[in-house]
Amino acid sequence: MTTPCSTTTTPAPRFLLLGDSHAGCVGRAAREAALPFVGGPLGSGRDFLGPFFDVDGGTLTFRDAHAQRLFREFLDALEVTELGGLKAPLVCTFGLSAHTLATRQNWDIHRDRHGTVPEAFLRSALFTDLIRASVRGALAFYAHTAAHGLRVLAPLPPQRVPGMSDPAVFFAAQDIVGAELATRGIEIVDVRDKVTDGTGHQRAAFCQKDDTIHGNDAFGRLVVADLLDHGL
């Protein structure tokens, strides 16, 4: 008599996660929910604003050796040789380090006599061009994913403005980057209505303790829930 063999099938990853440290809470929440995925943070937010990769013969390579090593490990786990061959959706936070874009000293030259960056300037074509230039590396990355027909979802960052950053610039820059991503076919994952107070800032319940920038796991759970609502 032959005893039937028992086999266990590993669920296919639902998405590839690439990003900066803001991707950390998303990954933790996905693991907590037993949602299969591959990936995680590759570096800090500022690493993915200016040019950070090269493409040679269709192969995308990160300039930072550590980021490239992790990237290759993720692709190997998904059994694809190039990013363009990805079948699962990509969840990515590149370019959305709004607190870095809003670093106060970078905007001092544009302040009025009251020390405020004028609203008219924040709505100007010059400001838009400056933000586009600041995130040109991320925009080039998303142009690359669009050219390969990849489905990409980009979670907006925690709405936390540290002392080093100007709040008005933070929110204005975030809007510009979000709009630029949308024109490239990126789906914006936006949970602001669930996590912010009347001023637009992140509520304490969704902030990482002893930290001025990151969201906590409760924030990550809301992002994952929104990803599921998007069909992931």
# chains A, B, ... in the order shown; residues from 1 in each chain; ligands from 1
>>> closest_atom_pairs(of="stretch 120-211 of chain A", to="stretch 38-53 of chain A", cutoff="9 Å", atoms="only C-alpha atoms", output="Markdown table")
| residue | atom | partner | partner_atom | distance |
| --- | --- | --- | --- | --- |
| A:Ala133 | CA | A:Gly50 | CA | 7.9 |
| A:Ser134 | CA | A:Gly50 | CA | 6.2 |
| A:Val135 | CA | A:Leu49 | CA | 4.3 |
| A:Arg136 | CA | A:Gly50 | CA | 5.5 |
| A:Gly137 | CA | A:Pro51 | CA | 3.9 |
| A:Ala138 | CA | A:Leu49 | CA | 5.4 |
| A:Leu139 | CA | A:Leu49 | CA | 8.4 |
| A:Ala140 | CA | A:Pro51 | CA | 8.0 |
| A:Phe141 | CA | A:Phe53 | CA | 7.9 |
>>> select_by_dssp(residues="stretch 1-229 of chain A", states="alpha helix (DSSP H)", output="PyMOL selection string")
chain A and resi 23-32+65-77+98-101+119-122+125-134+136-147+167-183+192-195+217-229
>>> select_by_dssp(residues="stretch 32-218 of chain A", states="strand (DSSP E or B)", output="PyMOL selection string")
chain A and resi 38-41+53-56+59-62+90-92+103+152-155+165+187-189+196+202+207+215
>>> residues_around(residues="A:Leu35", least_positions_apart="6", cutoff="9 Å", atoms="only C-alpha atoms", output="PyMOL selection string")
chain A and resi 13-14+29
>>> write_last_selection(atoms="all heavy atoms", output="compact mmCIF listing (two decimals), in the first residue's frame")
# COMPACT_ATOMS: atom_id res chain seq x y z
N PRO A 13 4.63 35.40 -4.01
CA PRO A 13 4.67 36.76 -3.47
C PRO A 13 3.65 37.66 -4.14
O PRO A 13 3.50 37.63 -5.37
CB PRO A 13 6.11 37.21 -3.77
CG PRO A 13 6.88 35.94 -3.88
CD PRO A 13 5.94 34.96 -4.51
N ARG A 14 2.98 38.45 -3.34
CA ARG A 14 1.93 39.33 -3.88
C ARG A 14 2.52 40.62 -4.44
O ARG A 14 1.89 41.28 -5.27
CB ARG A 14 0.92 39.66 -2.77
CG ARG A 14 0.28 38.43 -2.14
CD ARG A 14 -0.86 37.91 -2.96
NE ARG A 14 -2.04 38.74 -2.81
CZ ARG A 14 -2.92 38.63 -1.81
NH1 ARG A 14 -2.74 37.70 -0.87
NH2 ARG A 14 -3.96 39.41 -1.74
N ALA A 29 4.12 45.17 8.63
CA ALA A 29 2.67 44.95 8.64
C ALA A 29 2.27 43.83 7.70
O ALA A 29 1.37 43.03 8.00
CB ALA A 29 1.94 46.25 8.26
>>> closest_residue(among="A:Glu82, A:Asp20, A:Asp129, A:Asp112", to="A:Ala67", atoms="only C-alpha atoms")
A:Asp20
>>> residues_around(residues="A:Ala168", least_positions_apart="3", cutoff="8 Å", atoms="only C-alpha atoms", output="mmCIF file with N, CA and C atoms, in the first residue's frame")
data_model
loop_
_atom_site.group_PDB
_atom_site.id
_atom_site.type_symbol
_atom_site.label_atom_id
_atom_site.label_comp_id
_atom_site.auth_asym_id
_atom_site.auth_seq_id
_atom_site.Cartn_x
_atom_site.Cartn_y
_atom_site.Cartn_z
ATOM 1 N N VAL A 117 8.163 81.021 3.728
ATOM 2 C CA VAL A 117 8.244 80.770 2.289
ATOM 3 C C VAL A 117 6.869 81.109 1.713
ATOM 4 N N PHE A 171 4.512 69.919 2.497
ATOM 5 C CA PHE A 171 3.220 69.570 1.898
ATOM 6 C C PHE A 171 3.157 69.941 0.416
ATOM 7 N N ALA A 172 3.744 71.097 0.074
ATOM 8 C CA ALA A 172 3.731 71.514 -1.331
ATOM 9 C C ALA A 172 4.589 70.591 -2.190
#
>>> closest_residue(among="A:Val91, A:Ala225, A:Cys25, A:Leu70", to="A:Ile186", atoms="only C-alpha atoms")
A:Val91
>>> closest_residue(among="A:His66, A:Arg104, A:Arg221, A:His230", to="A:Gly27", atoms="only C-alpha atoms")
A:Arg221
>>> closest_residue(among="A:Glu187, A:Asp64, A:Glu32, A:Asp226", to="A:Cys92", atoms="only C-alpha atoms")
A:Glu187
>>> residues_around(residues="A:Arg192", least_positions_apart="6", cutoff="12 Å", atoms="only C-alpha atoms", output="PyMOL selection string")
chain A and resi 155-160+171+198-203+206+215+219+222-223+226
>>> write_last_selection(atoms="N, CA and C atoms", output="mmCIF file, in the first residue's frame")
data_model
loop_
_atom_site.group_PDB
_atom_site.id
_atom_site.type_symbol
_atom_site.label_atom_id
_atom_site.label_comp_id
_atom_site.auth_asym_id
_atom_site.auth_seq_id
_atom_site.Cartn_x
_atom_site.Cartn_y
_atom_site.Cartn_z
ATOM 1 N N PRO A 155 3.179 54.411 -1.741
ATOM 2 C CA PRO A 155 2.556 54.949 -0.532
ATOM 3 C C PRO A 155 3.132 56.321 -0.180
ATOM 4 N N LEU A 156 2.254 57.278 0.079
ATOM 5 C CA LEU A 156 2.725 58.567 0.569
ATOM 6 C C LEU A 156 3.393 58.360 1.934
ATOM 7 N N PRO A 157 4.363 59.209 2.267
ATOM 8 C CA PRO A 157 5.092 59.023 3.521
ATOM 9 C C PRO A 157 4.250 59.437 4.731
ATOM 10 N N PRO A 158 4.697 59.070 5.919
ATOM 11 C CA PRO A 158 4.042 59.593 7.128
ATOM 12 C C PRO A 158 4.046 61.119 7.082
ATOM 13 N N GLN A 159 2.969 61.712 7.521
ATOM 14 C CA GLN A 159 2.838 63.181 7.473
ATOM 15 C C GLN A 159 3.490 63.803 8.713
ATOM 16 N N ARG A 160 4.801 63.562 8.818
ATOM 17 C CA ARG A 160 5.573 64.028 9.961
ATOM 18 C C ARG A 160 6.637 65.012 9.482
ATOM 19 N N PHE A 171 4.512 69.919 2.497
ATOM 20 C CA PHE A 171 3.220 69.570 1.898
ATOM 21 C C PHE A 171 3.157 69.941 0.416
ATOM 22 N N GLY A 198 -6.376 67.875 12.246
ATOM 23 C CA GLY A 198 -6.918 69.013 11.509
ATOM 24 C C GLY A 198 -5.876 69.878 10.836
ATOM 25 N N THR A 199 -4.606 69.747 11.254
ATOM 26 C CA THR A 199 -3.527 70.540 10.645
ATOM 27 C C THR A 199 -2.852 69.805 9.496
ATOM 28 N N GLY A 200 -3.244 68.556 9.281
ATOM 29 C CA GLY A 200 -2.614 67.763 8.237
ATOM 30 C C GLY A 200 -1.419 66.966 8.694
ATOM 31 N N HIS A 201 -1.084 67.085 9.987
ATOM 32 C CA HIS A 201 0.057 66.354 10.522
ATOM 33 C C HIS A 201 -0.376 64.994 11.080
ATOM 34 N N GLN A 202 0.558 64.078 11.115
ATOM 35 C CA GLN A 202 0.287 62.712 11.582
ATOM 36 C C GLN A 202 -0.075 62.703 13.067
ATOM 37 N N ARG A 203 -1.126 61.974 13.393
ATOM 38 C CA ARG A 203 -1.516 61.835 14.799
ATOM 39 C C ARG A 203 -0.551 60.903 15.525
ATOM 40 N N PHE A 206 -0.119 57.079 15.210
ATOM 41 C CA PHE A 206 0.464 56.468 14.019
ATOM 42 C C PHE A 206 1.931 56.865 13.829
ATOM 43 N N GLY A 215 6.532 56.418 10.481
ATOM 44 C CA GLY A 215 5.265 55.909 10.965
ATOM 45 C C GLY A 215 5.492 54.610 11.731
ATOM 46 N N PHE A 219 0.468 52.506 11.442
ATOM 47 C CA PHE A 219 0.463 53.203 10.144
ATOM 48 C C PHE A 219 0.699 52.200 9.019
ATOM 49 N N LEU A 222 -2.377 50.252 8.047
ATOM 50 C CA LEU A 222 -3.323 50.991 7.209
ATOM 51 C C LEU A 222 -2.847 51.031 5.753
ATOM 52 N N VAL A 223 -1.543 51.176 5.565
ATOM 53 C CA VAL A 223 -1.008 51.168 4.202
ATOM 54 C C VAL A 223 -1.247 49.801 3.563
ATOM 55 N N ASP A 226 -4.761 49.378 2.549
ATOM 56 C CA ASP A 226 -5.062 50.123 1.326
ATOM 57 C C ASP A 226 -4.492 49.393 0.099
#
>>> closest_atom_pairs(of="stretch 87-153 of chain A", to="stretch 72-76 of chain A", cutoff="12 Å", atoms="only C-alpha atoms", output="JSON lines")
{"residue": "A:Lys87", "atom": "CA", "partner": "A:Leu75", "partner_atom": "CA", "distance": 11.0}
{"residue": "A:Ala88", "atom": "CA", "partner": "A:Leu75", "partner_atom": "CA", "distance": 11.1}
{"residue": "A:Leu90", "atom": "CA", "partner": "A:Leu75", "partner_atom": "CA", "distance": 11.6}
>>> atom_distance(atom1="atom CA of A:Ala147", atom2="atom CA of A:Ala182")
14.3 Å
>>> atom_distance(atom1="atom CA of A:Lys209", atom2="atom CA of A:Pro162")
13.4 Å
>>> residues_around(residues="A:Thr128", least_positions_apart="2", cutoff="10 Å", atoms="only C-alpha atoms", output="list in words")
Phe121, Leu122, Arg123, Ser124, Ala125, Leu126, Leu130, Ile131, Arg132, Ala133, Ser134, Ala172, Ala173, Asp175, Ile176, Val177 and Glu180 of chain A
>>> closest_residue(among="A:Leu228, A:Ala154, A:Ala65, A:Val169", to="A:His110", atoms="only C-alpha atoms")
A:Val169
>>> closest_residue(among="A:Pro36, A:Gly220, A:Gly231, A:Gly178", to="A:Leu16", atoms="only C-alpha atoms")
A:Pro36
>>> atom_distance(atom1="atom CA of A:Thr212", atom2="atom CA of A:Phe94")
19.3 Å
